[in-house]
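Chemist: If you scroll down you'll find the structure; I have some questions about it.
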Amino acid sequence: MLASVTHILPLTSIRRERLLPVSGKVFVRKGQKVNATDVIAEAEINPEHVLLDVGRGLGLSMEQADRYLQCKVGMEITAGDVLAGPVGFTKRVIRSPYDGRVMIAGDGQIMLRLHSRVTSLKAGIPGMVTDLIDDRGAIITTSGALIQGVWGNGGVDIGLLNVMIKSPDDVLTVDHLNPSLRGSILLAGSCLLEEPLKMATEYSLRGLILSSIDATLLPLAKKLKFPVVVVEGFGKLAMNTAAYKLLTTNDQRETTLNAEPLDRFVGRRPEIIIPLPTSGDLPLPPEVAEFKPGQQVRVVRAPNIGRIGKLIQIKPGTPVLVNGVQVEAGDVRLENGEMVVLPLANLEVLI
Amino acid sequence: MPTSVVTAESVLAIDVGAIHTRVILFDVVEGNYRYLASGTSNTTANAPYSDISEGIRQALDRLSSITGRTFIGEDERLIVPSRSDGSGIDTVVATISAGPPLRIIAVGLLDDVSVESAVNLANTTYAMVVERIGLNDRRRIDERINTVMRLNPDLLILTGGTDGGASHSVMKMVEAVGLACFLLPEDNRPEILYAGNQALRAQIKSALGMVGNVHFAANIRPSLDLEDIDIAQGTLVEVFRRLRARQIPGVYELDSWSKGNLLPTSMAVGRLVRALSKIYGSSKGVLAVDLGASATSLIAAYAGNLISAVYSKYGLGTCLGSFLDHASLDDVTRWLRLDIPHGYVRNYINHKAVYPNSVPATIEDLDIEQALARAMLRLAMQKFSANLRSRGAENYLGMLPSFEPLMVSGSVFTQAPSYSQALLMLLDGLQPLGVTTVVLDKNHLMPAFGAVAGINPLLVVQSIDFGAFVNLGVVISPIGNTRYGTSILRIRVQYENGSESKYEIKHGALELIPLNQGEAAQVFLQPLHGCDIGMGGAGRGGRIRIVGGAMGIIIDARGRPLQLPNDPARRREVFHRWLKALHN
C-alpha cells in the first residue's frame, strides 16, 4: 500500500521549486546564495483594468472618437496624460485618471491596465539557486534539519529558535511571552486561546511553531504578520517526539519558517528548516514509500494521534477495529513499547 | 448492437477517485457476466506522484494477485485485447472524480433563467460555480472583467437567448467575458462552452475564437419555461476531459485506454441511473446517491429523463476545510449519537481535511463521520429537492419522493460497521417518502456499470441480477398529520410458506419486519387517519410484492421532516433507540 511521507530529519538535503503563479521577473542568478526572506521574483498578479468611454467623454460617435485618440496599444501612460482630444471650441480632452498601460484603443473606448502593486516571491528557504525557471522562479537547494507541518498561515521569516515549552504537550499561554522574545521564533506547544496570539503580535515575533491550534483561531492566525507553522493538527495535540527532540536540540539556532499553506495536489507544505553545514553532498530524502515492516511511522488520527512507533507487520486481510470499521491495518509498536493495531490509512511514514 | 455472451469480452473498469483508485474486473462465468474482483490503491493524482498512472498500476497489481491474471505486459503497457493465455483484457472503461473541482463562471441573461440553467449544467460535474454574471448585473463592464480575471476560471459557460430570440443582449454579455479572456495571459485562458441561442454560433465563434477554445452545445434554455441540459452535458464532459488531461498527468493515457470515453464518475453513474429507469419503467424513478471524498452526487432519472447534481462542497475529503463556510456546526452536531464536545467536532472537521485518506478508528470519530454524512445528505437533498421540483418531478412538500430503487455508494456507507448504521444514515439524511427499495453499492460498481452500459448493457443487467449490489431492504415511510403515538398504518405480510403476520404501526415508530433475504412476500398496506404511503394519495393503500433484503422490511414512521428533540441528551437517547430498532 502506498504511504504518505512526512520528513522530520536532523540533517538532509532540501531542494525546493519556488514559482510565481504567472510570468514575471526573476531577480536571482544560478549559483547565487539567498536567504529565505530574499525576494527572488515578482509579478503583477490580477492587475485591475479600467475601461474609458472616450466617445461619451468627448461627445462623439465611436468612429469620430477614434480619430482623436492620442494613444496606441502598448503605450505606458501616467495619470494626467492626454488619451484623446482635443475636440471642439473648448478643446475638450480625455486624460488618464491612473498610471497604466493601454491594452485596447478603438471603437470609442480605451482599456487601461493599471500598474498595481507587485506580488513578491520570497526564496522560502535559505540556500543556493541551483536552477532557474524562465520568467517564473528558481530552484533552491540547501542542507539542514527539516520538519514538515500540516498548516501554515502563508508567511516566511527567519529568526533564532526559542524553545518555550518543557514538554511536547505544553499549551501556549500569555505567561510564556515577554518583550525579550522580540525577533525570535518560538516553539510554543498547542495554542487554544486568542490572547497568546494577540500578545505575540505585540512582541513582534518572527514566527511561531505550534504543535496544534484550536480551529476557531484559524481566522486570527491567518491574519498574523509573522509565519505560523502547525506540526500536528487541530485541537490540543502533543507534538510528536521526533519533531520535539529535533527542535529542542536546536534551541537558539537560526531557523527558517516557510508557512505556506498545505496543498497536497501541488505538493506544498509548511516547513521548518534549520540550516546546517555539511561536509559533502547529502542525498535528497525519498518523497514516496510503500508500507513495510520496520518503518518509523507517525499516527495522524485518534487513537494515539501524534505518537511515533515502528510498523511491525501489515496484518493480513482487513481486521475489525474497535469501532467495527474493517480496514487494512498494521501492528505498530509505540515508543513506550505498547503494541497497537492501527489502520494503515492513519499512518505516515517518517523519513 | 447488443452484445451477446457468444461474443463475450472481459471488461476492466478503472475508477480514479479523489482518495482511491479502483480497478474492477468483469468476465463471463457459466454463460453470464459477473463482477469478479476489484483491486484498490491510493490515488496518485497528488504530489509527489502527480500522475494517476502509479495508482492504477498498484491497483492492477492487487487485482492480479487476487485473480491470478496478468494485465500488464513486459513492455509495461496494459495488454489489450486479451490473449489466448488468459492475460490481458478486451475492453477498458474509465471514470474519474480526482482533481480539484473545476472553477466555473456562469454567464447568461436573466439570473433566474439562463444563468440558473448554466449553474445547473455546471453542477452536473465536479465543479464549483465561482461567479454568476447576468444581464441585470449592476457592475460596470470593467468591474466584471476584473472579476473574471481575478477568479481565473477553468471554464466559462455562456448561455442566454431562446433559439432565434435575443441576440444583441447575448453578444453584449459575450463582449465583456471575451475582453477578460483577451486580457488574461494565453496559458491562463479558460475554456468556453456556449449553450445559448443557436442562431449566434457564427458570431460567437468570430467574437471568441481568437481568445479561447470555444465549445458549442445545444441551447440549454431553448424557451423561457424549458431547461434542457442533457445534450450540453455531453459537451461539458468533453471539456472536463480536456481540462483534467491538462491538470493531471496520466489522464490522457487513461482516456486513450478507454478509447476516448473517459467519463466523470458522476456522469457514468447518471448513465446507469438513466438506463435502469428505462429498464425498470417505474413511474417512481431511480435515484443514486454517492457520498465521496470530493462531492455528494444525487442523480435521479424518470423513464430516461435524467436530473443530476454534484455538490462539490459536500465531500468527506479535502473540501471539509471549507464545509463550515456552507453549513453550521449545529447541522453536524445535532446528529451526534455520543456526547462529544462541539469544539472537538470542529477540530475533527479541519483535521480530516488535512488527512483526507484517514479513516475513523474510534467510536467517537466514527460518530462524527456519520453525523457529517447525515448533514451533507440533508443539505444536498434540500437543494436537490428544489432541482427536482423545477424539472417537474413529483415532489411532496419539498421532500424527497420515493424511488425504486434508491442506490447508495460511498465509503462512509460501505465501511459502516453494520447495514443498519448505513441504512439509518441514509434514512436520516434523505428522509424518503412512500415505498423505496434501498440497495448498497458495496463494491463501488455504479460508475463501472454506467461507463460500460453504453457498450455492453448485457453485462450490467446480468451482473446486477447476480447480486452485484446488496439489497438492504424495502423502506415504507408513511406521512400524515397525526400525533405521536397514533396508529397510522396496518400491515399484513403473507409469506411464501403461507404464514401471515400483522402489524399496527404508530406515528414515531421505526420498526423492522422480518423477511429473509431473497424471500418474496405479499404485503398489504392500509394507511390510517389519512396517512399517505405514496400509493395514489392520502389514505390509499394496497398490495405490493416485496423481496427480502439484508434487513427485511423497514417501516420508518418517524414523520417527515424528522423532528429531533432540542435537548441533546434526549436526542441522543432517541438516536440510540432508532439504531436499536434496526437491530444493531
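Going through the C-alpha cells in order, the chains are called A, B, and so on, while each chain numbers its residues from 1 and the ligands are numbered from 1 in the order shown.
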Once DSSP has gone over the backbone, tell me which residues of range 327-563 of chain B are in strand (DSSP E or B), as an mmCIF file with C-alpha atoms, in the first residue's frame.

Modeler:
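Here's the written file selection.cif:
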data_model
loop_
_atom_site.group_PDB
_atom_site.id
_atom_site.type_symbol
_atom_site.label_atom_id
_atom_site.label_comp_id
_atom_site.auth_asym_id
_atom_site.auth_seq_id
_atom_site.Cartn_x
_atom_site.Cartn_y
_atom_site.Cartn_z
ATOM 1 C CA TYR B 396 -44.263 16.372 -1.952
ATOM 2 C CA MET B 399 -39.361 16.478 0.408
ATOM 3 C CA LEU B 406 -32.549 4.070 -4.249
ATOM 4 C CA MET B 407 -28.890 3.127 -4.771
ATOM 5 C CA VAL B 408 -26.221 4.205 -2.331
ATOM 6 C CA SER B 409 -22.483 4.436 -2.736
ATOM 7 C CA GLY B 434 -43.558 6.118 0.450
ATOM 8 C CA VAL B 435 -42.163 2.741 -0.548
ATOM 9 C CA THR B 436 -38.496 2.563 -1.559
ATOM 10 C CA THR B 437 -36.086 -0.316 -2.126
ATOM 11 C CA VAL B 438 -32.623 0.601 -0.875
ATOM 12 C CA VAL B 439 -29.571 -1.062 -2.387
ATOM 13 C CA LEU B 440 -25.978 -0.615 -1.283
ATOM 14 C CA VAL B 470 -26.575 -5.562 -1.660
ATOM 15 C CA ASN B 471 -30.332 -5.209 -1.336
ATOM 16 C CA LEU B 472 -30.711 -3.675 2.131
ATOM 17 C CA GLY B 473 -34.478 -3.918 2.099
ATOM 18 C CA VAL B 474 -37.703 -2.099 1.348
ATOM 19 C CA VAL B 475 -38.395 1.034 3.361
ATOM 20 C CA ILE B 476 -42.021 2.089 3.879
ATOM 21 C CA SER B 477 -42.310 5.692 5.068
ATOM 22 C CA ILE B 479 -46.525 10.584 6.391
ATOM 23 C CA SER B 487 -51.775 4.316 14.702
ATOM 24 C CA ILE B 488 -51.106 5.306 11.121
ATOM 25 C CA LEU B 489 -50.557 2.087 9.195
ATOM 26 C CA ARG B 490 -51.795 -1.509 9.279
ATOM 27 C CA ILE B 491 -49.596 -4.084 7.623
ATOM 28 C CA ARG B 492 -50.357 -7.713 6.809
ATOM 29 C CA VAL B 493 -47.485 -9.808 5.491
ATOM 30 C CA GLN B 494 -48.234 -13.067 3.661
ATOM 31 C CA TYR B 495 -45.076 -15.146 3.488
ATOM 32 C CA GLU B 500 -49.032 -14.494 7.930
ATOM 33 C CA SER B 501 -48.199 -11.718 10.361
ATOM 34 C CA LYS B 502 -49.915 -8.435 11.161
ATOM 35 C CA TYR B 503 -48.556 -5.149 12.433
ATOM 36 C CA GLU B 504 -50.044 -1.856 13.508
ATOM 37 C CA ILE B 505 -47.570 0.974 13.125
ATOM 38 C CA LYS B 506 -47.713 4.062 15.292
ATOM 39 C CA LEU B 510 -39.031 2.776 13.408
ATOM 40 C CA GLU B 511 -39.506 -0.966 13.037
ATOM 41 C CA LEU B 512 -38.168 -3.977 11.228
ATOM 42 C CA ILE B 513 -40.471 -6.646 9.833
ATOM 43 C CA ALA B 520 -40.850 -12.890 -1.504
ATOM 44 C CA ALA B 521 -43.943 -11.828 0.420
ATOM 45 C CA GLN B 522 -47.227 -10.166 -0.359
ATOM 46 C CA VAL B 523 -47.578 -7.090 1.804
ATOM 47 C CA PHE B 524 -50.961 -5.441 2.333
ATOM 48 C CA LEU B 525 -50.766 -1.820 3.429
ATOM 49 C CA GLN B 526 -53.677 0.085 4.923
ATOM 50 C CA PRO B 527 -52.919 3.691 5.932
ATOM 51 C CA ASP B 532 -50.018 8.780 2.753
ATOM 52 C CA GLY B 542 -52.921 -1.649 -1.496
ATOM 53 C CA ARG B 543 -50.886 -4.770 -2.006
ATOM 54 C CA ILE B 544 -47.233 -4.899 -3.004
ATOM 55 C CA ARG B 545 -44.833 -7.751 -3.571
ATOM 56 C CA ILE B 546 -41.620 -7.354 -1.641
ATOM 57 C CA VAL B 547 -38.454 -9.417 -1.929
ATOM 58 C CA ILE B 553 -38.856 -4.678 5.597
ATOM 59 C CA ILE B 554 -38.160 -1.364 7.306
ATOM 60 C CA ILE B 555 -41.050 0.782 8.495
ATOM 61 C CA ASP B 556 -39.960 4.376 9.015
#

Chemist: With only C-alpha atoms counted and 9 Å as the cut-off, give the residues of chain B in contact with chain A, each with its shortest interatomic distance in Å and the pair that gives it, as JSON lines.

Modeler:
{"residue": "B:Ser41", "atom": "CA", "partner": "A:Met1", "partner_atom": "CA", "distance": 6.7}
{"residue": "B:Asn42", "atom": "CA", "partner": "A:Leu2", "partner_atom": "CA", "distance": 6.4}
{"residue": "B:Ala45", "atom": "CA", "partner": "A:Phe265", "partner_atom": "CA", "distance": 7.0}
{"residue": "B:Asn46", "atom": "CA", "partner": "A:Phe265", "partner_atom": "CA", "distance": 4.1}
{"residue": "B:Ala47", "atom": "CA", "partner": "A:Gly267", "partner_atom": "CA", "distance": 4.6}
{"residue": "B:Pro48", "atom": "CA", "partner": "A:Gly267", "partner_atom": "CA", "distance": 6.2}
{"residue": "B:Tyr49", "atom": "CA", "partner": "A:Val288", "partner_atom": "CA", "distance": 7.8}
{"residue": "B:Ser50", "atom": "CA", "partner": "A:Phe265", "partner_atom": "CA", "distance": 7.4}
{"residue": "B:Gly55", "atom": "CA", "partner": "A:Leu2", "partner_atom": "CA", "distance": 8.4}
{"residue": "B:Gln58", "atom": "CA", "partner": "A:Met1", "partner_atom": "CA", "distance": 8.0}
{"residue": "B:Gly99", "atom": "CA", "partner": "A:Phe265", "partner_atom": "CA", "distance": 7.7}
{"residue": "B:Pro100", "atom": "CA", "partner": "A:Phe265", "partner_atom": "CA", "distance": 8.0}
{"residue": "B:Arg140", "atom": "CA", "partner": "A:Leu51", "partner_atom": "CA", "distance": 8.9}
{"residue": "B:Ile141", "atom": "CA", "partner": "A:Leu51", "partner_atom": "CA", "distance": 7.6}
{"residue": "B:Asp142", "atom": "CA", "partner": "A:Val50", "partner_atom": "CA", "distance": 5.5}
{"residue": "B:Glu143", "atom": "CA", "partner": "A:His49", "partner_atom": "CA", "distance": 7.8}
{"residue": "B:Ile145", "atom": "CA", "partner": "A:His49", "partner_atom": "CA", "distance": 7.6}
{"residue": "B:Asn146", "atom": "CA", "partner": "A:Glu48", "partner_atom": "CA", "distance": 5.9}
{"residue": "B:Met149", "atom": "CA", "partner": "A:Asn46", "partner_atom": "CA", "distance": 6.4}
{"residue": "B:Arg150", "atom": "CA", "partner": "A:Asn46", "partner_atom": "CA", "distance": 5.4}
{"residue": "B:Leu151", "atom": "CA", "partner": "A:Asn46", "partner_atom": "CA", "distance": 8.9}
{"residue": "B:Asn152", "atom": "CA", "partner": "A:Asn46", "partner_atom": "CA", "distance": 8.9}
{"residue": "B:Leu183", "atom": "CA", "partner": "A:Met103", "partner_atom": "CA", "distance": 7.8}
{"residue": "B:Leu184", "atom": "CA", "partner": "A:Asn46", "partner_atom": "CA", "distance": 8.9}
{"residue": "B:Pro185", "atom": "CA", "partner": "A:Val22", "partner_atom": "CA", "distance": 8.1}
{"residue": "B:Asn188", "atom": "CA", "partner": "A:Val22", "partner_atom": "CA", "distance": 8.4}
{"residue": "B:Gly343", "atom": "CA", "partner": "A:Gly235", "partner_atom": "CA", "distance": 7.8}
{"residue": "B:Tyr344", "atom": "CA", "partner": "A:Gly235", "partner_atom": "CA", "distance": 6.8}
{"residue": "B:Arg346", "atom": "CA", "partner": "A:Ala215", "partner_atom": "CA", "distance": 6.6}
{"residue": "B:Asn347", "atom": "CA", "partner": "A:Phe234", "partner_atom": "CA", "distance": 5.1}
{"residue": "B:Tyr348", "atom": "CA", "partner": "A:Phe234", "partner_atom": "CA", "distance": 7.3}
{"residue": "B:Asn350", "atom": "CA", "partner": "A:Phe234", "partner_atom": "CA", "distance": 6.8}
{"residue": "B:His351", "atom": "CA", "partner": "A:Phe234", "partner_atom": "CA", "distance": 5.9}
{"residue": "B:Lys352", "atom": "CA", "partner": "A:Arg301", "partner_atom": "CA", "distance": 8.5}
{"residue": "B:Val354", "atom": "CA", "partner": "A:Val150", "partner_atom": "CA", "distance": 6.8}
{"residue": "B:Tyr355", "atom": "CA", "partner": "A:Val300", "partner_atom": "CA", "distance": 7.6}
{"residue": "B:Asn357", "atom": "CA", "partner": "A:Ala345", "partner_atom": "CA", "distance": 6.0}
{"residue": "B:Ser358", "atom": "CA", "partner": "A:Asn346", "partner_atom": "CA", "distance": 4.9}
{"residue": "B:Val359", "atom": "CA", "partner": "A:Ala345", "partner_atom": "CA", "distance": 6.4}
{"residue": "B:Pro360", "atom": "CA", "partner": "A:Arg301", "partner_atom": "CA", "distance": 7.7}
{"residue": "B:Ala361", "atom": "CA", "partner": "A:Asn323", "partner_atom": "CA", "distance": 6.4}
{"residue": "B:Thr362", "atom": "CA", "partner": "A:Asn323", "partner_atom": "CA", "distance": 5.5}
{"residue": "B:Ile363", "atom": "CA", "partner": "A:Asn323", "partner_atom": "CA", "distance": 4.8}
{"residue": "B:Glu364", "atom": "CA", "partner": "A:Asn323", "partner_atom": "CA", "distance": 8.5}
{"residue": "B:Asp365", "atom": "CA", "partner": "A:Ala302", "partner_atom": "CA", "distance": 7.8}
{"residue": "B:Leu366", "atom": "CA", "partner": "A:Asn323", "partner_atom": "CA", "distance": 7.2}
{"residue": "B:Gln415", "atom": "CA", "partner": "A:Val325", "partner_atom": "CA", "distance": 6.0}
{"residue": "B:Ala416", "atom": "CA", "partner": "A:Val325", "partner_atom": "CA", "distance": 6.2}
{"residue": "B:Pro417", "atom": "CA", "partner": "A:Gly324", "partner_atom": "CA", "distance": 4.7}
{"residue": "B:Ser418", "atom": "CA", "partner": "A:Gly324", "partner_atom": "CA", "distance": 8.0}

Chemist: Each residue of range 223-300 of chain A with at least one atom at most 8 Å from range 168-181 of chain A should appear once, together with its nearest atom pair and the corresponding distance in Å (one decimal); atoms considered: only C-alpha atoms; ordering: chain, then increasing residue number; output as a Markdown table.

Modeler:
| residue | atom | partner | partner_atom | distance |
| --- | --- | --- | --- | --- |
| A:Leu237 | CA | A:Asp169 | CA | 6.7 |
| A:Ala238 | CA | A:Asp169 | CA | 4.1 |
| A:Met239 | CA | A:Pro168 | CA | 4.9 |
| A:Asn240 | CA | A:Pro168 | CA | 7.0 |
| A:Thr241 | CA | A:Pro168 | CA | 6.9 |
| A:Tyr244 | CA | A:Pro168 | CA | 6.2 |

Chemist: Between CA of Gln431 in chain B and CA of Ala569 in chain B, what is the spacing in Å?

Modeler: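 The value is 22.6 Å.
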
Chemist: To one decimal in Å, tell me the separation between CA of Leu458 in chain B and CA of Tyr33 in chain B.

Modeler: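 Interatomic distance here is 7.7 Å.
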
Chemist: Do a neighbour search on Ile165 in chain A at 7 Å with only C-alpha atoms, toss out local chain neighbours closer than 5 positions, and write the hits as a list in words.

Modeler: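 With the cut-off at 7 Å, the set is Asp170, Leu187, Ala188 and Gly189 of chain A.
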
Chemist: Could you pull the residues within 8 Å of range 104-112 of chain B, counting only C-alpha atoms, minus those fewer than 5 positions along the same chain, as an MDAnalysis selection string?

Modeler: chainID B and resid 118:119 122 127:136 148 153:161 169:170 173

Chemist: For those residues, write N, CA and C atoms to a file as a PDB file, in the first residue's frame.

Modeler:
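Output contents, as saved in out_23.pdb:
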ATOM      1  N   ALA B 118     -27.256  27.611 -16.547  1.00  0.00           N
ATOM      2  CA  ALA B 118     -25.802  27.424 -16.667  1.00  0.00           C
ATOM      3  C   ALA B 118     -25.241  26.841 -15.367  1.00  0.00           C
ATOM      4  N   VAL B 119     -25.763  27.320 -14.240  1.00  0.00           N
ATOM      5  CA  VAL B 119     -25.320  26.788 -12.941  1.00  0.00           C
ATOM      6  C   VAL B 119     -25.729  25.316 -12.828  1.00  0.00           C
ATOM      7  N   ALA B 122     -23.371  23.299 -14.803  1.00  0.00           N
ATOM      8  CA  ALA B 122     -22.076  23.192 -14.102  1.00  0.00           C
ATOM      9  C   ALA B 122     -22.169  22.173 -12.974  1.00  0.00           C
ATOM     10  N   ALA B 127     -17.517  20.497 -10.022  1.00  0.00           N
ATOM     11  CA  ALA B 127     -17.242  21.893 -10.326  1.00  0.00           C
ATOM     12  C   ALA B 127     -17.703  22.784  -9.187  1.00  0.00           C
ATOM     13  N   MET B 128     -17.203  23.997  -9.218  1.00  0.00           N
ATOM     14  CA  MET B 128     -17.604  24.998  -8.251  1.00  0.00           C
ATOM     15  C   MET B 128     -17.932  26.250  -9.055  1.00  0.00           C
ATOM     16  N   VAL B 129     -19.161  26.725  -8.954  1.00  0.00           N
ATOM     17  CA  VAL B 129     -19.512  27.957  -9.664  1.00  0.00           C
ATOM     18  C   VAL B 129     -18.984  29.116  -8.828  1.00  0.00           C
ATOM     19  N   VAL B 130     -17.957  29.789  -9.339  1.00  0.00           N
ATOM     20  CA  VAL B 130     -17.299  30.827  -8.545  1.00  0.00           C
ATOM     21  C   VAL B 130     -17.902  32.205  -8.792  1.00  0.00           C
ATOM     22  N   GLU B 131     -18.706  32.343  -9.844  1.00  0.00           N
ATOM     23  CA  GLU B 131     -19.340  33.640 -10.125  1.00  0.00           C
ATOM     24  C   GLU B 131     -20.497  33.441 -11.079  1.00  0.00           C
ATOM     25  N   ARG B 132     -21.516  34.285 -10.927  1.00  0.00           N
ATOM     26  CA  ARG B 132     -22.654  34.307 -11.858  1.00  0.00           C
ATOM     27  C   ARG B 132     -22.704  35.713 -12.447  1.00  0.00           C
ATOM     28  N   ILE B 133     -22.803  35.797 -13.744  1.00  0.00           N
ATOM     29  CA  ILE B 133     -22.899  37.115 -14.387  1.00  0.00           C
ATOM     30  C   ILE B 133     -24.128  37.119 -15.281  1.00  0.00           C
ATOM     31  N   GLY B 134     -25.045  38.033 -15.013  1.00  0.00           N
ATOM     32  CA  GLY B 134     -26.263  38.142 -15.810  1.00  0.00           C
ATOM     33  C   GLY B 134     -26.440  39.552 -16.344  1.00  0.00           C
ATOM     34  N   LEU B 135     -27.471  39.710 -17.137  1.00  0.00           N
ATOM     35  CA  LEU B 135     -27.736  40.992 -17.780  1.00  0.00           C
ATOM     36  C   LEU B 135     -28.039  42.083 -16.757  1.00  0.00           C
ATOM     37  N   ASN B 136     -28.648  41.684 -15.647  1.00  0.00           N
ATOM     38  CA  ASN B 136     -29.025  42.678 -14.636  1.00  0.00           C
ATOM     39  C   ASN B 136     -27.903  42.959 -13.641  1.00  0.00           C
ATOM     40  N   VAL B 148     -13.678  38.432 -13.564  1.00  0.00           N
ATOM     41  CA  VAL B 148     -13.340  37.213 -14.314  1.00  0.00           C
ATOM     42  C   VAL B 148     -11.843  36.944 -14.218  1.00  0.00           C
ATOM     43  N   PRO B 153     -11.046  31.475 -13.910  1.00  0.00           N
ATOM     44  CA  PRO B 153     -11.815  30.216 -14.006  1.00  0.00           C
ATOM     45  C   PRO B 153     -11.192  29.232 -14.988  1.00  0.00           C
ATOM     46  N   ASP B 154     -11.572  27.947 -14.819  1.00  0.00           N
ATOM     47  CA  ASP B 154     -11.175  26.929 -15.794  1.00  0.00           C
ATOM     48  C   ASP B 154     -12.114  26.968 -16.993  1.00  0.00           C
ATOM     49  N   LEU B 155     -13.352  27.375 -16.732  1.00  0.00           N
ATOM     50  CA  LEU B 155     -14.380  27.278 -17.777  1.00  0.00           C
ATOM     51  C   LEU B 155     -15.401  28.387 -17.621  1.00  0.00           C
ATOM     52  N   LEU B 156     -15.797  28.952 -18.777  1.00  0.00           N
ATOM     53  CA  LEU B 156     -16.928  29.882 -18.808  1.00  0.00           C
ATOM     54  C   LEU B 156     -18.077  29.172 -19.499  1.00  0.00           C
ATOM     55  N   ILE B 157     -19.237  29.133 -18.867  1.00  0.00           N
ATOM     56  CA  ILE B 157     -20.420  28.604 -19.546  1.00  0.00           C
ATOM     57  C   ILE B 157     -21.276  29.805 -19.944  1.00  0.00           C
ATOM     58  N   LEU B 158     -21.436  29.991 -21.237  1.00  0.00           N
ATOM     59  CA  LEU B 158     -22.219  31.122 -21.752  1.00  0.00           C
ATOM     60  C   LEU B 158     -23.569  30.619 -22.226  1.00  0.00           C
ATOM     61  N   THR B 159     -24.619  31.262 -21.762  1.00  0.00           N
ATOM     62  CA  THR B 159     -25.966  30.876 -22.172  1.00  0.00           C
ATOM     63  C   THR B 159     -26.748  32.134 -22.479  1.00  0.00           C
ATOM     64  N   GLY B 160     -28.002  31.944 -22.783  1.00  0.00           N
ATOM     65  CA  GLY B 160     -28.880  33.103 -22.958  1.00  0.00           C
ATOM     66  C   GLY B 160     -29.495  33.165 -24.331  1.00  0.00           C
ATOM     67  N   GLY B 161     -30.715  33.661 -24.349  1.00  0.00           N
ATOM     68  CA  GLY B 161     -31.437  33.800 -25.603  1.00  0.00           C
ATOM     69  C   GLY B 161     -32.098  32.494 -26.000  1.00  0.00           C
ATOM     70  N   SER B 169     -28.401  41.306 -26.690  1.00  0.00           N
ATOM     71  CA  SER B 169     -28.066  41.209 -25.258  1.00  0.00           C
ATOM     72  C   SER B 169     -27.030  40.120 -25.026  1.00  0.00           C
ATOM     73  N   VAL B 170     -27.185  39.020 -25.756  1.00  0.00           N
ATOM     74  CA  VAL B 170     -26.224  37.917 -25.581  1.00  0.00           C
ATOM     75  C   VAL B 170     -24.832  38.389 -26.001  1.00  0.00           C
ATOM     76  N   MET B 173     -23.157  40.519 -23.450  1.00  0.00           N
ATOM     77  CA  MET B 173     -22.579  39.754 -22.349  1.00  0.00           C
ATOM     78  C   MET B 173     -21.261  39.115 -22.783  1.00  0.00           C
TER      79      MET B 173
END

Chemist: Neighbours of His507 in chain B within 8 Å (only C-alpha atoms; same-chain residues fewer than 6 positions away dropped), as a PDB file with C-alpha atoms, in the first residue's frame?

Modeler:
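This is the output file result-v5.pdb:
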ATOM      1  CA  THR B 482     -51.190  12.790  13.212  1.00  0.00           C
ATOM      2  CA  ARG B 483     -49.972  12.940  16.762  1.00  0.00           C
ATOM      3  CA  TYR B 484     -47.023  10.947  18.007  1.00  0.00           C
ATOM      4  CA  GLY B 485     -48.238   7.504  19.039  1.00  0.00           C
ATOM      5  CA  THR B 486     -51.323   7.459  16.812  1.00  0.00           C
ATOM      6  CA  SER B 487     -51.775   4.316  14.702  1.00  0.00           C
ATOM      7  CA  ILE B 488     -51.106   5.306  11.121  1.00  0.00           C
ATOM      8  CA  ALA B 557     -42.967   6.127  10.583  1.00  0.00           C
ATOM      9  CA  ARG B 558     -40.886   8.788  12.322  1.00  0.00           C
ATOM     10  CA  GLY B 559     -42.562  11.514  10.241  1.00  0.00           C
TER      11      GLY B 559
END

Chemist: Write out as a ChimeraX atom specification which residues come within 6 Å of Ile273 in chain A when counting only C-alpha atoms, dropping same-chain ones fewer than 5 positions away.

Modeler: /A:145-146,255-256

Chemist: Pull the alpha helix (DSSP H) assignments for range 304-473 of chain B out of DSSP run on the backbone, and list those residues as JSON, numbers by chain.

Modeler: {"B": [323, 324, 325, 326, 329, 330, 331, 332, 333, 342, 343, 344, 345, 346, 347, 348, 349, 350, 351, 352, 353, 354, 363, 364, 365, 366, 367, 368, 369, 370, 371, 372, 373, 374, 375, 376, 377, 378, 379, 380, 381, 382, 383, 384, 385, 386, 387, 388, 389, 390, 411, 412, 413, 414, 419, 420, 421, 422, 423, 424, 425, 426, 427, 428, 429, 430, 446, 447, 448, 449, 450, 451, 452, 453, 457, 458, 459, 460, 461, 462, 463, 464, 465]}

Chemist: Arg136 in chain A: which residues within 10 Å, counting only C-alpha atoms, same-chain residues fewer than 6 positions away excluded, as a list of chain:residue names?

Modeler: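 The residues satisfying every condition are A:Arg18, A:Leu19, A:Leu20, A:Pro21, A:Val22, A:Ser23, A:Gly24, A:Lys25, A:Val26, A:Ile40, A:Ala41, A:Glu42, A:Ala43, A:Leu121.
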